[in-house]
Number of protein chains: 2
Amino acid sequence: MTFDDILAAATRLKGHARVTPLLSSPFLDRIAGRRVFVKAEALQKTGSFKYRGARSALSAMDPAKRQNGVIAYSSGNHAQGVALAAAEFGVPAVIVMPADAPRVKVENTRALGAEVILYDRALDDRDMLGATIAAERGLTLVKPFDDPKVIAGQGTTGLEIAEQAAAEGVTRADVLVCCGGGGLTSGIALALEGCAPGLRARPVEPEGFDDVARSLAAGRIERNELKGGSLCDAIVTPAPGQLTFPIMSRLCGPGLAVTDEEALRAMAAAFARLRIVLEPGGAVALAAALYHPGTVQGDAVIAVASGGNVDWPVFRRAVETWGDGG
Amino acid sequence: MTFDDILAAATRLKGHARVTPLLSSPFLDRIAGRRVFVKAEALQKTGSFKYRGARSALSAMDPAKRQNGVIAYSSGNHAQGVALAAAEFGVPAVIVMPADAPRVKVENTRALGAEVILYDRALDDRDMLGATIAAERGLTLVKPFDDPKVIAGQGTTGLEIAEQAAAEGVTRADVLVCCGGGGLTSGIALALEGCAPGLRARPVEPEGFDDVARSLAAGRIERNELKGGSLCDAIVTPAPGQLTFPIMSRLCGPGLAVTDEEALRAMAAAFARLRIVLEPGGAVALAAALYHPGTVQGDAVIAVASGGNVDWPVFRRAVETWGDGG
């Protein structure tokens with residue numbers, strides 16, 4: 001994959017994906033001790049960056065094949081992205097979701113017109129399950145991250161970051177990215193390599209699920225021992241992808257990890273200071289920027305706030321525990 | 001005032017005010033029965049459109065005069081806008097605020113470096129108080145709405161709406177605007193007259209504080225009997241301005257009014273469907289779009305979500321009472 005794949009995806013997404021704003025607040029700058037910029041992908045269609053990759057994949061698909069329908073397995077954000085993209089193309093979508101996914105994600109996916117099939121996260125292998133149903137019904141599988149068209153779609157976020165950061169006078173900084181399987185992180189890394197080489201992508205994960213950080217440090221793919229139990233459901237994946245890992249290994253800085261409580265605290269800060277709604281998995285990059293200032297360098301940092309599909313009890317807990325996150 | 005005043009303000013604001021996104025959600029479209037677009041000014045610097053007018057006024061001020069400092073009277077959003085603009089120019093700011101303003105607004109205004117003086121909303125006349133302090137200290141008063149440079153700054157919101165709506169294929173629609181003294185509404189109306197004549201600005205107010213709607217209907221300025229008691233603190237003003245009223249009278253469609261509960265319900269919808277945080281006074285236009293569909297015409301409506309500076313108990317009440325606002 002190259003920078004040209006990202007540019008091609010940007011052409012396909014133009015007029016469909018939303019250009020999300022790069023937000024900031026002097027209050028966040030004070031917490032971090034440097035300028036903090038937040039790429040608000042929670043404001044993307046369906047409430048996360050996942051729509052970019054889904055629309056990218058469906059728009060690049062052979063129309064006859066696409067017409068038969070698509071299938072995806074997802075804890076919820078990829079699900080909604082695929083559901084909306086399929087609805088836009090007028091084709092059926094089947095989504096395989098874990099039974100413990102946030103209620104709001106399951107309901108939204110159904111409301112967007114997709115058929116939802118629930119599975120048990122601890123017992124079932126969602127990849128196997130998805131492949132089986134796809135074969136039975138003649139559906140095309142839209143993988144959540146390990147697909148060049150998906151990676152390219154997520155990478156369009158990086159094109160926008162480069163342009164928006166330059167407008168703020170920022171050309172050298174770490175770009176912290178909430179990271180599950182690495183689709184967004186590797187896509188952004190490819191985009192930045194092509195148009196903003198002074199910006200460096202770095203994955204941020206929940207503690208205990210830092211497979212990407214450990215894989216980058218080890219130079220080979222390592223897996224998480226735990227399968228669940230983090231509040232950051234959106235970015236809990238077993239291991240980095242076969243396609244995403246080599247890209248991240250070549251281009252990304254060292255990974256970071258934050259606690260669930262730090263993610264909640266960053267959600268509170270985003271509520272009070274940026275007026276945006278984040279989910280825990282979409283707040284880990286901002287958490288690293290705010291509460292691990294020693295692990296980044298330079299006078300500015302960019303954090304991608306990747307999603308905002310959160311159940312109310314979790315959001316309430318974040319703000320009632322952490323106030324304004326300061 | 002003319003369209004050229006808006007264009008001049010846009011030039012002064014370029015690189016300072018944020019271009020806020022125009023958001024949408026199929027879930028909101030379903031509630032309203034037509035396409036709904038939300039201009040998310042809660043994502044503007046300081047959490048409301050007021051920064052535009054404040055920066056516009058300060059940037060147009062004689063530098064020697066500006067150097068002495070500025071003063072403003074405000075329930076909180078204009079306060080923060082003036083405080084940040086003054087801080088950016090490195091000049092002192094005094095803000096006269098009602099003692100019952102939301103805590104977050106008072107604290108943020110102080111944190112932005114301004115001196116805050118509190119007054120009693122029921123007993124004192126904030127205009128008189130502000131003028132007196134301004135004279136004593138040689139400060140320049142930045143009025144909250146009845147000032148051509150402030151109106152022009154707010155009007156830059158309309159330039160963005162026109163461009164963003166056209167990109168969505170919307171050239172004929174009502175543009176619902178949360179309305180206090182009419183600075184934002186009249187500014188947007190002037191902008192739309194100049195660049196999107198098929199879009200028509202209409203003020204939205206809280207029930208019981210619909211002085212602008214009644215004034216437009218009567219053809220002369222009418223005042224509110226009540227001085228306070230609405231949750232929509234940001235847009236409770238005694239009467240439309242001497243400058244804003246003639247502009248609104250010439251250009252705006254009929255006014256609308258919504259209840260406090262409808263504003264809270266719209267806040268819940270914005271939380272669940274747009275992932276943005278609104279305050280009650282910043283949600284009345286969206287409330288009208290969603291819950292008074294019979295009062296607007298056409299297959300699309302644009303609502304300006306003007307501010308997001310809300311105390312947590314009010315936000316919690318909105319979501320816990322109204323769920324996803326559907």
# chains A, B, ... in the order shown; residues from 1 in each chain; ligands from 1
$ interface_residues --of "chain B" --to "chain A" --cutoff "9 Å" --atoms "only C-alpha atoms" --output "JSON, numbers by chain"
{"B": [15, 18, 19, 20, 21, 22, 23, 24, 25, 26, 27, 42, 43, 44, 45, 46, 47, 104, 108, 111, 112, 167, 168, 271, 272, 273, 274, 275, 276, 277, 278, 308, 309, 310, 311, 312, 316, 319, 320, 323]}
$ residues_around --residues "Leu243 in chain A" --least-positions-apart "2" --cutoff "6 Å" --atoms "only C-alpha atoms" --output "list in words"
Asp146, Gly241 and Phe245 of chain A
$ closest_residue --among "A:Ala218, A:Ala318, A:Asp174, A:Cys179" --to "Arg35 in chain A" --atoms "only C-alpha atoms"
A:Asp174
$ residues_around --residues "range 256-267 of chain A" --least-positions-apart "2" --cutoff "8 Å" --atoms "only C-alpha atoms" --output "number ranges by chain"
A: 202-207, 210, 213, 230-232, 254, 269-271, 277-281, 283-284, 286-288, 290-291, 295, 315, 317-319, 321-325
$ select_by_dssp --residues "range 69-216 of chain A" --states "helix (DSSP H, G or I)" --output "PyMOL selection string"
chain A and resi 77-89+103-111+126-137+148-167+183-195+211-216
$ residues_around --residues "Gly180 in chain A" --least-positions-apart "2" --cutoff "12 Å" --atoms "only C-alpha atoms" --output "PyMOL selection string"
chain A and resi 50+74-75+77-78+144-146+177-178+182-186+203-206+209-213+223-224+232-241+244-245+255+257+281-282+284-285+306
$ write_last_selection --atoms "C-alpha atoms" --output "compact mmCIF listing (two decimals), in the first residue's frame"
# COMPACT_ATOMS: atom_id res chain seq x y z
CA LYS A 50 -15.25 3.50 10.75
CA SER A 74 -17.71 -5.75 14.71
CA SER A 75 -18.24 -4.65 18.29
CA ASN A 77 -18.52 1.04 15.21
CA HIS A 78 -17.45 -0.85 12.09
CA PRO A 144 -12.78 -4.32 10.14
CA PHE A 145 -9.13 -3.43 9.55
CA ASP A 146 -7.02 -5.92 7.60
CA VAL A 177 -4.31 7.28 17.55
CA CYS A 178 -6.79 5.05 19.39
CA GLY A 182 -4.48 -0.91 13.50
CA GLY A 183 -6.59 0.13 10.50
CA LEU A 184 -6.85 3.75 11.54
CA THR A 185 -3.29 3.94 12.86
CA SER A 186 -1.67 2.40 9.77
CA PRO A 203 -0.91 3.86 18.64
CA VAL A 204 -2.63 4.21 22.01
CA GLU A 205 -4.31 1.19 23.63
CA PRO A 206 -5.95 0.21 26.92
CA PHE A 209 -4.78 -4.91 25.63
CA ASP A 210 -1.61 -3.32 24.30
CA ASP A 211 -0.90 -5.98 21.68
CA VAL A 212 0.16 -3.37 19.12
CA ALA A 213 2.60 -1.60 21.45
CA ARG A 223 -1.45 -11.37 20.95
CA ASN A 224 -3.46 -10.22 23.96
CA CYS A 232 -12.76 0.32 25.67
CA ASP A 233 -14.78 -2.25 23.71
CA ALA A 234 -14.16 -0.49 20.39
CA ILE A 235 -10.43 -1.16 20.40
CA VAL A 236 -10.11 -4.55 22.09
CA THR A 237 -8.78 -6.87 19.39
CA PRO A 238 -6.70 -10.04 19.75
CA ALA A 239 -3.69 -8.88 17.71
CA PRO A 240 -2.56 -6.38 15.06
CA GLY A 241 -3.41 -7.30 11.48
CA THR A 244 -1.57 -3.22 9.36
CA PHE A 245 1.37 -4.45 11.43
CA GLY A 255 2.83 2.65 21.41
CA ALA A 257 -1.22 2.46 27.03
CA GLY A 281 -12.17 3.46 23.28
CA GLY A 282 -12.38 6.77 21.41
CA VAL A 284 -7.60 6.73 24.94
CA ALA A 285 -5.49 8.91 22.62
CA SER A 306 -12.06 8.14 17.14
$ residues_around --residues "Ser59 in chain B" --least-positions-apart "6" --cutoff "12 Å" --atoms "only C-alpha atoms" --output "compact mmCIF listing (two decimals) with C-alpha atoms, in the first residue's frame"
# COMPACT_ATOMS: atom_id res chain seq x y z
CA ALA B 8 -15.07 42.09 6.08
CA ALA B 9 -15.62 40.36 9.42
CA ALA B 10 -14.90 36.99 7.80
CA THR B 11 -11.56 38.35 6.60
CA ARG B 12 -10.70 39.53 10.13
CA LEU B 13 -11.75 36.20 11.66
CA LYS B 14 -9.90 33.99 9.19
CA HIS B 16 -8.97 32.69 14.37
CA ALA B 17 -12.60 31.55 14.44
CA TYR B 51 -16.38 34.32 20.05
CA ARG B 52 -17.01 35.35 16.44
CA GLY B 53 -18.66 38.64 17.38
CA LYS B 65 -8.33 52.27 22.51
CA ARG B 66 -8.26 48.47 22.62
CA GLN B 67 -5.03 48.58 24.60
CA VAL B 82 -14.76 38.60 24.90
CA ALA B 85 -10.53 37.62 22.26
CA ALA B 86 -9.05 40.05 24.80
CA GLU B 88 -5.52 36.85 22.31
CA PHE B 89 -4.89 40.61 21.88
CA VAL B 91 -5.56 43.40 26.69
CA VAL B 142 -18.30 45.36 23.72
CA LYS B 149 -19.10 44.68 14.28
CA VAL B 150 -20.60 42.09 16.63
CA ALA B 152 -21.06 41.11 11.36
CA GLY B 153 -18.93 38.62 13.30
$ atom_distance --atom1 "CA of Pro293 in chain B" --atom2 "CA of Ala201 in chain B"
15.9 Å
$ residues_around --residues "range 116-131 of chain A" --least-positions-apart "5" --cutoff "12 Å" --atoms "only C-alpha atoms" --output "PyMOL selection string"
chain A and resi 70-76+79-80+82-83+92-101+103+105-111+136-144+146+225-229+233+236-238
$ write_last_selection --atoms "N, CA and C atoms" --output "CSV table (one decimal), in the first residue's frame"
chain,number,residue,atom,x,y,z
A,70,VAL,N,-23.3,-7.3,1.8
A,70,VAL,CA,-22.0,-7.4,2.5
A,70,VAL,C,-22.3,-7.9,3.9
A,71,ILE,N,-21.2,-8.3,4.5
A,71,ILE,CA,-21.2,-8.8,5.9
A,71,ILE,C,-20.0,-8.2,6.6
A,72,ALA,N,-20.2,-8.0,7.9
A,72,ALA,CA,-19.1,-7.5,8.7
A,72,ALA,C,-19.2,-8.0,10.1
A,73,TYR,N,-18.1,-8.2,10.8
A,73,TYR,CA,-18.1,-8.6,12.2
A,73,TYR,C,-17.5,-7.4,13.0
A,74,SER,N,-18.1,-7.0,14.1
A,74,SER,CA,-17.7,-5.7,14.7
A,74,SER,C,-18.3,-5.6,16.1
A,75,SER,N,-17.6,-5.0,17.0
A,75,SER,CA,-18.2,-4.7,18.3
A,75,SER,C,-19.2,-3.5,18.2
A,76,GLY,N,-19.3,-2.8,17.0
A,76,GLY,CA,-20.3,-1.8,16.9
A,76,GLY,C,-20.0,-0.6,16.0
A,79,ALA,N,-19.6,-1.9,12.5
A,79,ALA,CA,-20.9,-2.3,12.2
A,79,ALA,C,-21.8,-1.2,11.6
A,80,GLN,N,-21.8,-0.1,12.4
A,80,GLN,CA,-22.6,1.0,11.9
A,80,GLN,C,-22.1,1.7,10.6
A,82,VAL,N,-20.5,0.1,8.2
A,82,VAL,CA,-20.9,-0.8,7.1
A,82,VAL,C,-22.4,-0.7,6.8
A,83,ALA,N,-23.2,-0.7,7.9
A,83,ALA,CA,-24.6,-0.6,7.8
A,83,ALA,C,-25.0,0.7,7.0
A,92,PRO,N,-28.1,-5.1,0.9
A,92,PRO,CA,-28.2,-5.6,2.2
A,92,PRO,C,-26.9,-5.8,3.0
A,93,ALA,N,-27.0,-5.7,4.3
A,93,ALA,CA,-25.9,-5.8,5.2
A,93,ALA,C,-26.2,-6.7,6.4
A,94,VAL,N,-25.3,-7.7,6.6
A,94,VAL,CA,-25.5,-8.6,7.8
A,94,VAL,C,-24.3,-8.2,8.7
A,95,ILE,N,-24.6,-8.0,10.0
A,95,ILE,CA,-23.5,-7.6,10.9
A,95,ILE,C,-23.5,-8.6,12.1
A,96,VAL,N,-22.3,-9.2,12.3
A,96,VAL,CA,-22.1,-10.2,13.4
A,96,VAL,C,-21.5,-9.4,14.6
A,97,MET,N,-22.2,-9.3,15.7
A,97,MET,CA,-21.8,-8.4,16.8
A,97,MET,C,-21.7,-9.3,18.1
A,98,PRO,N,-20.7,-8.9,19.0
A,98,PRO,CA,-20.7,-9.6,20.3
A,98,PRO,C,-21.9,-9.3,21.1
A,99,ALA,N,-22.4,-10.3,21.8
A,99,ALA,CA,-23.6,-10.1,22.6
A,99,ALA,C,-23.5,-9.0,23.7
A,100,ASP,N,-22.2,-8.7,24.1
A,100,ASP,CA,-22.0,-7.7,25.2
A,100,ASP,C,-21.6,-6.3,24.6
A,101,ALA,N,-21.9,-6.1,23.3
A,101,ALA,CA,-21.6,-4.8,22.7
A,101,ALA,C,-22.5,-3.8,23.4
A,103,ARG,N,-25.3,-1.4,24.1
A,103,ARG,CA,-26.7,-1.4,23.6
A,103,ARG,C,-26.9,-0.4,22.4
A,105,LYS,N,-24.9,0.6,20.3
A,105,LYS,CA,-24.3,0.3,19.0
A,105,LYS,C,-25.2,-0.8,18.3
A,106,VAL,N,-25.7,-1.7,19.1
A,106,VAL,CA,-26.6,-2.8,18.5
A,106,VAL,C,-27.8,-2.1,17.9
A,107,GLU,N,-28.4,-1.3,18.7
A,107,GLU,CA,-29.7,-0.6,18.3
A,107,GLU,C,-29.5,0.2,17.0
A,108,ASN,N,-28.4,1.0,17.0
A,108,ASN,CA,-28.1,1.9,15.9
A,108,ASN,C,-27.9,1.1,14.6
A,109,THR,N,-27.2,0.0,14.8
A,109,THR,CA,-26.9,-0.9,13.6
A,109,THR,C,-28.1,-1.4,13.0
A,110,ARG,N,-29.0,-1.9,13.9
A,110,ARG,CA,-30.3,-2.4,13.4
A,110,ARG,C,-31.1,-1.2,12.7
A,111,ALA,N,-31.1,0.0,13.4
A,111,ALA,CA,-31.9,1.1,12.9
A,111,ALA,C,-31.4,1.6,11.6
A,136,GLU,N,-22.3,-18.9,3.0
A,136,GLU,CA,-23.7,-19.4,2.8
A,136,GLU,C,-24.6,-18.5,2.0
A,137,ARG,N,-24.5,-17.2,2.2
A,137,ARG,CA,-25.4,-16.3,1.6
A,137,ARG,C,-24.8,-15.5,0.4
A,138,GLY,N,-23.6,-15.8,0.1
A,138,GLY,CA,-23.0,-15.1,-1.1
A,138,GLY,C,-22.7,-13.6,-0.8
A,139,LEU,N,-22.4,-13.3,0.5
A,139,LEU,CA,-22.1,-11.9,0.9
A,139,LEU,C,-20.6,-11.7,0.8
A,140,THR,N,-20.3,-10.4,0.6
A,140,THR,CA,-18.8,-10.0,0.6
A,140,THR,C,-18.5,-9.5,1.9
A,141,LEU,N,-17.4,-10.1,2.5
A,141,LEU,CA,-17.0,-9.7,3.8
A,141,LEU,C,-16.2,-8.4,3.8
A,142,VAL,N,-16.6,-7.5,4.6
A,142,VAL,CA,-15.9,-6.2,4.8
A,142,VAL,C,-15.2,-6.3,6.1
A,143,LYS,N,-13.9,-6.6,6.0
A,143,LYS,CA,-13.1,-6.8,7.3
A,143,LYS,C,-13.0,-5.5,8.0
A,144,PRO,N,-12.8,-5.6,9.4
A,144,PRO,CA,-12.8,-4.3,10.1
A,144,PRO,C,-11.5,-3.5,10.0
A,146,ASP,N,-8.1,-5.3,8.4
A,146,ASP,CA,-7.0,-5.9,7.6
A,146,ASP,C,-7.4,-6.0,6.1
A,225,GLU,N,-3.6,-11.7,25.9
A,225,GLU,CA,-4.1,-12.8,26.6
A,225,GLU,C,-5.6,-12.7,26.9
A,226,LEU,N,-6.0,-11.5,27.4
A,226,LEU,CA,-7.4,-11.3,27.7
A,226,LEU,C,-8.2,-11.1,26.4
A,227,LYS,N,-9.5,-11.6,26.5
A,227,LYS,CA,-10.4,-11.4,25.3
A,227,LYS,C,-11.4,-10.2,25.6
A,228,GLY,N,-11.6,-9.9,26.8
A,228,GLY,CA,-12.6,-8.8,27.1
A,228,GLY,C,-12.3,-8.3,28.5
A,229,GLY,N,-13.2,-7.4,28.9
A,229,GLY,CA,-13.1,-6.9,30.3
A,229,GLY,C,-12.7,-5.4,30.3
A,233,ASP,N,-14.4,-1.2,24.6
A,233,ASP,CA,-14.8,-2.3,23.7
A,233,ASP,C,-14.4,-2.0,22.2
A,236,VAL,N,-10.6,-3.3,21.5
A,236,VAL,CA,-10.1,-4.5,22.1
A,236,VAL,C,-10.1,-5.6,21.0
A,237,THR,N,-8.9,-5.9,20.5
A,237,THR,CA,-8.8,-6.9,19.4
A,237,THR,C,-7.7,-7.8,19.8
A,238,PRO,N,-7.7,-9.0,19.3
A,238,PRO,CA,-6.7,-10.0,19.7
A,238,PRO,C,-5.3,-9.7,19.4
$ select_by_dssp --residues "range 111-260 of chain A" --states "strand (DSSP E or B)" --output "list in words"
Glu115, Val116, Ile117, Leu118, Tyr119, Thr140, Leu141, Ala173, Asp174, Val175, Leu176, Val177, Cys178, Leu199, Arg200, Ala201, Arg202, Pro203, Val204, Glu205, Pro206, Leu256, Ala257 and Val258 of chain A
$ closest_residue --among "B:Ser56, B:Gln164, B:Ser215, B:Thr156" --to "Gly181 in chain B" --atoms "only C-alpha atoms"
B:Ser215
$ atom_distance --atom1 "CA of Ala303 in chain A" --atom2 "CA of Leu216 in chain A"
19.5 Å
$ closest_residue --among "B:Phe37, B:Glu163, B:Ile188, B:Gly69" --to "Ala134 in chain B" --atoms "only C-alpha atoms"
B:Gly69
$ atom_distance --atom1 "CA of Ala114 in chain A" --atom2 "CA of Gly155 in chain A"
25.2 Å
$ decode --residues "range 190-211 of chain A" --atoms "N, CA, C and O atoms" --output "PDB file, in the first residue's frame"
ATOM      1  N   LEU A 190       0.358   6.084   6.860  1.00  0.00           N
ATOM      2  CA  LEU A 190       0.640   6.177   5.422  1.00  0.00           C
ATOM      3  C   LEU A 190       0.329   7.567   4.880  1.00  0.00           C
ATOM      4  O   LEU A 190       1.085   8.108   4.059  1.00  0.00           O
ATOM      5  N   ALA A 191      -0.771   8.138   5.332  1.00  0.00           N
ATOM      6  CA  ALA A 191      -1.138   9.480   4.876  1.00  0.00           C
ATOM      7  C   ALA A 191      -0.079  10.499   5.295  1.00  0.00           C
ATOM      8  O   ALA A 191       0.347  11.334   4.497  1.00  0.00           O
ATOM      9  N   LEU A 192       0.347  10.411   6.548  1.00  0.00           N
ATOM     10  CA  LEU A 192       1.316  11.388   7.060  1.00  0.00           C
ATOM     11  C   LEU A 192       2.672  11.216   6.375  1.00  0.00           C
ATOM     12  O   LEU A 192       3.354  12.203   6.090  1.00  0.00           O
ATOM     13  N   GLU A 193       3.050   9.973   6.096  1.00  0.00           N
ATOM     14  CA  GLU A 193       4.309   9.749   5.382  1.00  0.00           C
ATOM     15  C   GLU A 193       4.296  10.497   4.051  1.00  0.00           C
ATOM     16  O   GLU A 193       5.300  11.090   3.640  1.00  0.00           O
ATOM     17  N   GLY A 194       3.131  10.526   3.410  1.00  0.00           N
ATOM     18  CA  GLY A 194       3.033  11.137   2.093  1.00  0.00           C
ATOM     19  C   GLY A 194       2.916  12.643   2.087  1.00  0.00           C
ATOM     20  O   GLY A 194       3.357  13.296   1.139  1.00  0.00           O
ATOM     21  N   CYS A 195       2.307  13.213   3.133  1.00  0.00           N
ATOM     22  CA  CYS A 195       2.043  14.660   3.032  1.00  0.00           C
ATOM     23  C   CYS A 195       2.435  15.461   4.260  1.00  0.00           C
ATOM     24  O   CYS A 195       2.318  16.693   4.236  1.00  0.00           O
ATOM     25  N   ALA A 196       2.882  14.815   5.324  1.00  0.00           N
ATOM     26  CA  ALA A 196       3.292  15.564   6.525  1.00  0.00           C
ATOM     27  C   ALA A 196       4.334  14.748   7.285  1.00  0.00           C
ATOM     28  O   ALA A 196       4.080  14.268   8.388  1.00  0.00           O
ATOM     29  N   PRO A 197       5.526  14.600   6.696  1.00  0.00           N
ATOM     30  CA  PRO A 197       6.511  13.685   7.292  1.00  0.00           C
ATOM     31  C   PRO A 197       6.982  14.095   8.690  1.00  0.00           C
ATOM     32  O   PRO A 197       7.566  13.269   9.399  1.00  0.00           O
ATOM     33  N   GLY A 198       6.714  15.317   9.099  1.00  0.00           N
ATOM     34  CA  GLY A 198       7.079  15.725  10.462  1.00  0.00           C
ATOM     35  C   GLY A 198       6.075  15.268  11.506  1.00  0.00           C
ATOM     36  O   GLY A 198       6.333  15.365  12.702  1.00  0.00           O
ATOM     37  N   LEU A 199       4.931  14.778  11.066  1.00  0.00           N
ATOM     38  CA  LEU A 199       3.926  14.234  11.991  1.00  0.00           C
ATOM     39  C   LEU A 199       4.102  12.718  12.054  1.00  0.00           C
ATOM     40  O   LEU A 199       4.229  12.064  11.027  1.00  0.00           O
ATOM     41  N   ARG A 200       4.108  12.172  13.261  1.00  0.00           N
ATOM     42  CA  ARG A 200       4.378  10.748  13.448  1.00  0.00           C
ATOM     43  C   ARG A 200       3.222  10.087  14.179  1.00  0.00           C
ATOM     44  O   ARG A 200       2.868  10.485  15.291  1.00  0.00           O
ATOM     45  N   ALA A 201       2.630   9.070  13.563  1.00  0.00           N
ATOM     46  CA  ALA A 201       1.527   8.344  14.197  1.00  0.00           C
ATOM     47  C   ALA A 201       2.041   7.418  15.291  1.00  0.00           C
ATOM     48  O   ALA A 201       3.089   6.777  15.133  1.00  0.00           O
ATOM     49  N   ARG A 202       1.316   7.367  16.403  1.00  0.00           N
ATOM     50  CA  ARG A 202       1.641   6.450  17.499  1.00  0.00           C
ATOM     51  C   ARG A 202       0.357   5.830  18.037  1.00  0.00           C
ATOM     52  O   ARG A 202      -0.591   6.542  18.374  1.00  0.00           O
ATOM     53  N   PRO A 203       0.307   4.503  18.138  1.00  0.00           N
ATOM     54  CA  PRO A 203      -0.912   3.857  18.636  1.00  0.00           C
ATOM     55  C   PRO A 203      -1.075   4.018  20.145  1.00  0.00           C
ATOM     56  O   PRO A 203      -0.091   3.990  20.882  1.00  0.00           O
ATOM     57  N   VAL A 204      -2.318   4.175  20.574  1.00  0.00           N
ATOM     58  CA  VAL A 204      -2.634   4.207  22.005  1.00  0.00           C
ATOM     59  C   VAL A 204      -3.687   3.129  22.269  1.00  0.00           C
ATOM     60  O   VAL A 204      -4.687   3.036  21.565  1.00  0.00           O
ATOM     61  N   GLU A 205      -3.427   2.316  23.300  1.00  0.00           N
ATOM     62  CA  GLU A 205      -4.313   1.188  23.627  1.00  0.00           C
ATOM     63  C   GLU A 205      -4.652   1.184  25.115  1.00  0.00           C
ATOM     64  O   GLU A 205      -4.014   1.858  25.911  1.00  0.00           O
ATOM     65  N   PRO A 206      -5.665   0.385  25.499  1.00  0.00           N
ATOM     66  CA  PRO A 206      -5.952   0.213  26.920  1.00  0.00           C
ATOM     67  C   PRO A 206      -4.903  -0.710  27.559  1.00  0.00           C
ATOM     68  O   PRO A 206      -4.456  -1.676  26.925  1.00  0.00           O
ATOM     69  N   GLU A 207      -4.536  -0.418  28.789  1.00  0.00           N
ATOM     70  CA  GLU A 207      -3.632  -1.311  29.517  1.00  0.00           C
ATOM     71  C   GLU A 207      -4.215  -2.719  29.542  1.00  0.00           C
ATOM     72  O   GLU A 207      -5.417  -2.902  29.725  1.00  0.00           O
ATOM     73  N   GLY A 208      -3.359  -3.708  29.328  1.00  0.00           N
ATOM     74  CA  GLY A 208      -3.818  -5.098  29.308  1.00  0.00           C
ATOM     75  C   GLY A 208      -4.241  -5.553  27.916  1.00  0.00           C
ATOM     76  O   GLY A 208      -4.446  -6.746  27.690  1.00  0.00           O
ATOM     77  N   PHE A 209      -4.402  -4.589  27.014  1.00  0.00           N
ATOM     78  CA  PHE A 209      -4.782  -4.915  25.626  1.00  0.00           C
ATOM     79  C   PHE A 209      -3.843  -4.187  24.662  1.00  0.00           C
ATOM     80  O   PHE A 209      -4.262  -3.711  23.618  1.00  0.00           O
ATOM     81  N   ASP A 210      -2.583  -4.116  25.055  1.00  0.00           N
ATOM     82  CA  ASP A 210      -1.608  -3.321  24.295  1.00  0.00           C
ATOM     83  C   ASP A 210      -0.802  -4.206  23.342  1.00  0.00           C
ATOM     84  O   ASP A 210       0.422  -4.101  23.240  1.00  0.00           O
ATOM     85  N   ASP A 211      -1.534  -5.061  22.622  1.00  0.00           N
ATOM     86  CA  ASP A 211      -0.897  -5.981  21.676  1.00  0.00           C
ATOM     87  C   ASP A 211      -0.084  -5.237  20.616  1.00  0.00           C
ATOM     88  O   ASP A 211       0.992  -5.695  20.222  1.00  0.00           O
TER      89      ASP A 211
END
